[in-house]
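S.K.: You'll find coords.cif just under this line, and it carries mmCIF, C-alpha atoms and all ligand atoms.
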data_structure
loop_
_atom_site.group_PDB
_atom_site.id
_atom_site.type_symbol
_atom_site.label_atom_id
_atom_site.label_comp_id
_atom_site.auth_asym_id
_atom_site.auth_seq_id
_atom_site.Cartn_x
_atom_site.Cartn_y
_atom_site.Cartn_z
ATOM 1 C CA MET A 1 -46.677 -31.938 -15.097
ATOM 2 C CA GLU A 2 -47.602 -28.386 -15.985
ATOM 3 C CA GLY A 3 -46.911 -27.247 -12.428
ATOM 4 C CA LYS A 4 -43.529 -28.924 -12.431
ATOM 5 C CA ARG A 5 -42.548 -27.163 -15.654
ATOM 6 C CA THR A 6 -43.551 -23.812 -14.186
ATOM 7 C CA GLY A 7 -41.466 -24.660 -11.137
ATOM 8 C CA PHE A 8 -38.525 -25.420 -13.356
ATOM 9 C CA ARG A 9 -38.885 -22.075 -15.136
ATOM 10 C CA VAL A 10 -38.821 -20.223 -11.819
ATOM 11 C CA ARG A 11 -35.704 -22.088 -10.777
ATOM 12 C CA TRP A 12 -33.980 -21.249 -14.048
ATOM 13 C CA GLY A 13 -34.847 -17.618 -13.439
ATOM 14 C CA ASP A 14 -33.208 -17.866 -10.025
ATOM 15 C CA VAL A 15 -30.149 -19.459 -11.570
ATOM 16 C CA LEU A 16 -29.921 -16.644 -14.127
ATOM 17 C CA LEU A 17 -30.283 -14.070 -11.364
ATOM 18 C CA LEU A 18 -27.532 -15.774 -9.353
ATOM 19 C CA CYS A 19 -25.317 -15.869 -12.433
ATOM 20 C CA GLY A 20 -25.931 -12.162 -12.940
ATOM 21 C CA ILE A 21 -24.977 -11.396 -9.330
ATOM 22 C CA LEU A 22 -21.917 -13.615 -9.649
ATOM 23 C CA LEU A 23 -20.831 -11.841 -12.836
ATOM 24 C CA LEU A 24 -21.331 -8.484 -11.146
ATOM 25 C CA ALA A 25 -19.229 -9.630 -8.184
ATOM 26 C CA ILE A 26 -16.477 -10.885 -10.491
ATOM 27 C CA GLY A 27 -16.573 -7.567 -12.363
ATOM 28 C CA LEU A 28 -16.243 -5.614 -9.129
ATOM 29 C CA TRP A 29 -13.420 -7.865 -7.968
ATOM 30 C CA LEU A 30 -11.582 -7.367 -11.273
ATOM 31 C CA ALA A 31 -12.067 -3.610 -11.026
ATOM 32 C CA LEU A 32 -10.679 -3.648 -7.478
ATOM 33 C CA CYS A 33 -7.681 -5.683 -8.637
ATOM 34 C CA LEU A 34 -7.026 -3.200 -11.425
ATOM 35 C CA PHE A 35 -7.219 -0.202 -9.145
ATOM 36 C CA SER A 36 -5.037 -1.674 -6.413
ATOM 37 C CA SER A 37 -2.550 -3.553 -8.532
ATOM 38 C CA PRO A 38 0.530 -5.093 -6.909
ATOM 39 C CA GLY A 39 3.328 -2.609 -6.599
ATOM 40 C CA ALA A 40 6.451 -2.733 -8.652
ATOM 41 C CA VAL A 41 8.768 -0.394 -6.796
ATOM 42 C CA ALA A 42 9.265 0.851 -3.237
ATOM 43 C CA VAL A 43 10.258 4.500 -3.052
ATOM 44 C CA VAL A 44 12.007 5.584 0.140
ATOM 45 C CA THR A 45 11.950 9.250 1.059
ATOM 46 C CA LEU A 46 13.678 11.005 3.898
ATOM 47 C CA ASP A 47 12.223 14.345 4.868
ATOM 48 C CA GLY A 48 10.488 14.532 1.481
ATOM 49 C CA GLU A 49 13.611 13.748 -0.538
ATOM 50 C CA GLU A 50 13.810 10.476 -2.445
ATOM 51 C CA VAL A 51 16.784 8.486 -1.173
ATOM 52 C CA ALA A 52 16.166 5.027 -2.608
ATOM 53 C CA ARG A 53 14.046 3.169 -5.145
ATOM 54 C CA LEU A 54 13.840 -0.605 -4.745
ATOM 55 C CA PRO A 55 12.168 -2.911 -7.286
ATOM 56 C CA LEU A 56 9.835 -5.313 -5.503
ATOM 57 C CA ASP A 57 10.532 -8.193 -7.887
ATOM 58 C CA THR A 58 14.089 -8.561 -6.589
ATOM 59 C CA ASP A 59 14.956 -9.395 -3.006
ATOM 60 C CA CYS A 60 17.310 -6.742 -1.690
ATOM 61 C CA GLN A 61 17.941 -4.443 1.234
ATOM 62 C CA THR A 62 19.332 -1.006 1.769
ATOM 63 C CA ASP A 63 20.428 1.050 4.744
ATOM 64 C CA ILE A 64 19.108 4.590 4.904
ATOM 65 C CA GLN A 65 21.169 7.007 6.959
ATOM 66 C CA SER A 66 19.417 9.870 8.688
ATOM 67 C CA SER A 67 20.469 12.221 11.434
ATOM 68 C CA TYR A 68 18.777 9.813 13.865
ATOM 69 C CA GLY A 69 20.620 6.701 12.749
ATOM 70 C CA THR A 70 20.143 3.863 10.285
ATOM 71 C CA HIS A 71 16.952 2.418 8.855
ATOM 72 C CA ARG A 72 17.159 -0.935 7.132
ATOM 73 C CA VAL A 73 14.608 -1.333 4.339
ATOM 74 C CA VAL A 74 14.214 -4.903 3.109
ATOM 75 C CA VAL A 75 12.460 -6.179 -0.015
ATOM 76 C CA GLN A 76 11.491 -9.837 0.213
ATOM 77 C CA ASP A 77 8.942 -11.941 -1.701
ATOM 78 C CA GLY A 78 7.473 -8.886 -3.389
ATOM 79 C CA THR A 79 6.890 -6.984 -0.156
ATOM 80 C CA VAL A 80 8.859 -4.212 1.499
ATOM 81 C CA ALA A 81 9.409 -3.750 5.230
ATOM 82 C CA VAL A 82 11.489 -1.710 7.637
ATOM 83 C CA THR A 83 13.433 -4.170 9.794
ATOM 84 C CA GLU A 84 15.697 -1.852 11.751
ATOM 85 C CA ALA A 85 15.162 1.717 12.880
ATOM 86 C CA PRO A 86 16.655 4.151 15.362
ATOM 87 C CA CYS A 87 13.288 5.609 16.415
ATOM 88 C CA PRO A 88 12.052 5.033 19.975
ATOM 89 C CA ASP A 89 8.547 3.761 19.169
ATOM 90 C CA LEU A 90 9.557 1.343 16.336
ATOM 91 C CA ILE A 91 6.112 1.679 14.748
ATOM 92 C CA CYS A 92 7.740 1.445 11.310
ATOM 93 C CA VAL A 93 9.490 -1.812 12.253
ATOM 94 C CA HIS A 94 6.304 -3.337 13.667
ATOM 95 C CA HIS A 95 4.324 -2.295 10.581
ATOM 96 C CA ALA A 96 3.357 -5.264 8.426
ATOM 97 C CA PRO A 97 5.249 -5.515 5.101
ATOM 98 C CA VAL A 98 3.479 -3.650 2.285
ATOM 99 C CA SER A 99 3.184 -4.604 -1.370
ATOM 100 C CA ARG A 100 0.165 -2.826 -2.907
ATOM 101 C CA VAL A 101 0.376 0.449 -4.786
ATOM 102 C CA GLY A 102 -0.288 3.363 -2.475
ATOM 103 C CA GLU A 103 0.589 1.539 0.736
ATOM 104 C CA THR A 104 3.130 3.247 2.957
ATOM 105 C CA ILE A 105 5.305 2.614 5.977
ATOM 106 C CA ILE A 106 5.972 5.834 7.827
ATOM 107 C CA CYS A 107 8.562 6.533 10.475
ATOM 108 C CA LEU A 108 7.280 9.753 11.902
ATOM 109 C CA PRO A 109 10.162 10.648 14.246
ATOM 110 C CA CYS A 110 12.728 10.190 11.477
ATOM 111 C CA LYS A 111 10.494 11.494 8.633
ATOM 112 C CA LEU A 112 11.182 8.356 6.642
ATOM 113 C CA VAL A 113 8.434 7.191 4.277
ATOM 114 C CA VAL A 114 8.383 3.994 2.227
ATOM 115 C CA THR A 115 5.748 4.182 -0.520
ATOM 116 C CA VAL A 116 4.827 1.380 -2.900
ATOM 117 C CA MET A 117 4.337 2.671 -6.437
ATOM 118 C CA ASP A 118 3.692 0.985 -9.741
ATOM 119 C CA GLY A 119 6.611 0.884 -12.122
ATOM 120 C CA ASN A 120 5.048 3.424 -14.469
ATOM 121 C CA SER A 121 4.762 6.143 -11.847
ATOM 122 C CA VAL A 122 7.733 8.428 -11.769
ATOM 123 C CA ARG A 123 6.125 11.120 -9.648
ATOM 124 C CA LEU A 124 5.755 10.789 -5.919
ATOM 125 C CA PRO A 125 2.418 11.663 -4.336
ATOM 126 C CA SER A 126 4.352 14.134 -2.205
ATOM 127 C CA GLU A 127 5.990 15.802 -5.198
ATOM 128 C CA GLY A 128 5.607 19.549 -5.215
ATOM 129 C CA ARG A 129 5.907 19.594 -1.453
ATOM 130 C CA SER A 130 9.685 19.599 -1.501
ATOM 131 C CA GLN A 131 9.643 23.362 -0.972
ATOM 132 C CA GLN A 132 8.566 22.677 2.587
ATOM 133 C CA PRO A 133 10.899 24.000 5.262
ATOM 134 C CA VAL A 134 13.188 21.332 6.687
ATOM 135 C CA GLY A 135 12.043 20.096 10.075
ATOM 136 C CA GLN A 136 8.310 20.177 9.409
ATOM 137 C CA ALA A 137 6.468 16.892 8.966
ATOM 138 C CA PRO A 138 3.959 17.119 6.106
ATOM 139 C CA ASP A 139 0.506 17.445 7.683
ATOM 140 C CA ARG A 140 -1.026 15.011 5.204
ATOM 141 C CA TRP A 141 1.340 12.236 6.258
ATOM 142 C CA VAL A 142 0.695 12.902 9.908
ATOM 143 C CA GLY A 143 -3.018 12.615 9.210
ATOM 144 C CA GLN A 144 -2.604 9.347 7.324
ATOM 145 C CA TRP A 145 -0.423 7.995 10.060
ATOM 146 C CA LYS A 146 -2.987 8.840 12.715
ATOM 147 C CA GLU A 147 -5.751 7.239 10.641
ATOM 148 C CA LYS A 148 -3.704 4.084 10.191
ATOM 149 C CA ARG A 149 -2.943 3.904 13.872
ATOM 150 C CA GLU A 150 -6.586 4.338 14.797
ATOM 151 C CA VAL A 151 -7.568 1.599 12.382
ATOM 152 C CA SER A 152 -4.942 -0.829 13.633
ATOM 153 C CA LEU A 153 -5.599 -0.167 17.320
HETATM 154 ZN ZN ZN A 201 10.372 4.397 13.061
#
Re-express the file's structure as structure tokens.
M.R.:
Amino acid sequence: MEGKRTGFRVRWGDVLLLCGILLLAIGLWLALCLFSSPGAVAVVTLDGEEVARLPLDTDCQTDIQSSYGTHRVVVQDGTVAVTEAPCPDLICVHHAPVSRVGETIICLPCKLVVTVMDGNSVRLPSEGRSQQPVGQAPDRWVGQWKEKREVSL
């Protein structure tokens, strides 16, 4: 009887420990959700200049004209995707739709960038770089693009 009670106490300790771990996991998950909240707006830039801003809560599409041709940017079911592009590699078209804040679709040949931002952000991550000479791709974007490619390959 005494032994059984001791056994029970140990098991309750295990249960408490498991509960603690579970709570910690839930806390971490909540923190992750807060820091990568669903995006509210897709900002389209062409060569560093903002050309369109599409709310992700409304299905819509827009055609972006560049010197290379037309990109079609489509918002559907809270995600944004590039469905048509004049670039030869079509990496931007094959990119999965994005919806989380900070996610981007980049068309390197055409210097078109679609960035998901939360509705409160009015500044682009690239802001302050608009002084860049026309015709130069921002190095940071090229780096991100390469990283993304390496990850997806
Ligand atoms: Zn492209």
S.K.: Evaluating the PyMOL selection byres (((chain A and resi 65-70) around 10) and not hetatm) on the displayed file yields which residues, as number ranges by chain?
M.R.: A: 46-47, 51, 62-64, 71-73, 84-87, 109-112
S.K.: What is the CA of Ala31 (chain A)-CA of Asp59 (chain A) distance in Å, reported with one decimal?
M.R.: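 So the two atoms, CA of Ala31 (chain A) and CA of Asp59 (chain A), lie 28.8 Å apart.
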S.K.: Run the PyMOL selection byres (((chain A and resi 80) around 9) and not hetatm) mentally over the shown coordinates, then write out the matched residues as a PyMOL selection string, using the chain letters and numbers from the document.
M.R.: chain A and resi 42+54+56+73-79+81-82+96-99+105+114+116
S.K.: Could you tell me how far CA of Cys107 (chain A) lies from CA of Gln61 (chain A), in Å and to one decimal?
M.R.: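 Pair CA of Cys107 (chain A) / CA of Gln61 (chain A) returns 17.1 Å.
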S.K.: Between A:Asp89, A:Val15, A:Glu103, A:Asp118, which has the minimum distance to ligand ZN 201 (chain A) (counting all atoms listed in the file)?
M.R.: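 For ligand ZN 201 (chain A), the nearest of the given residues is A:Asp89.
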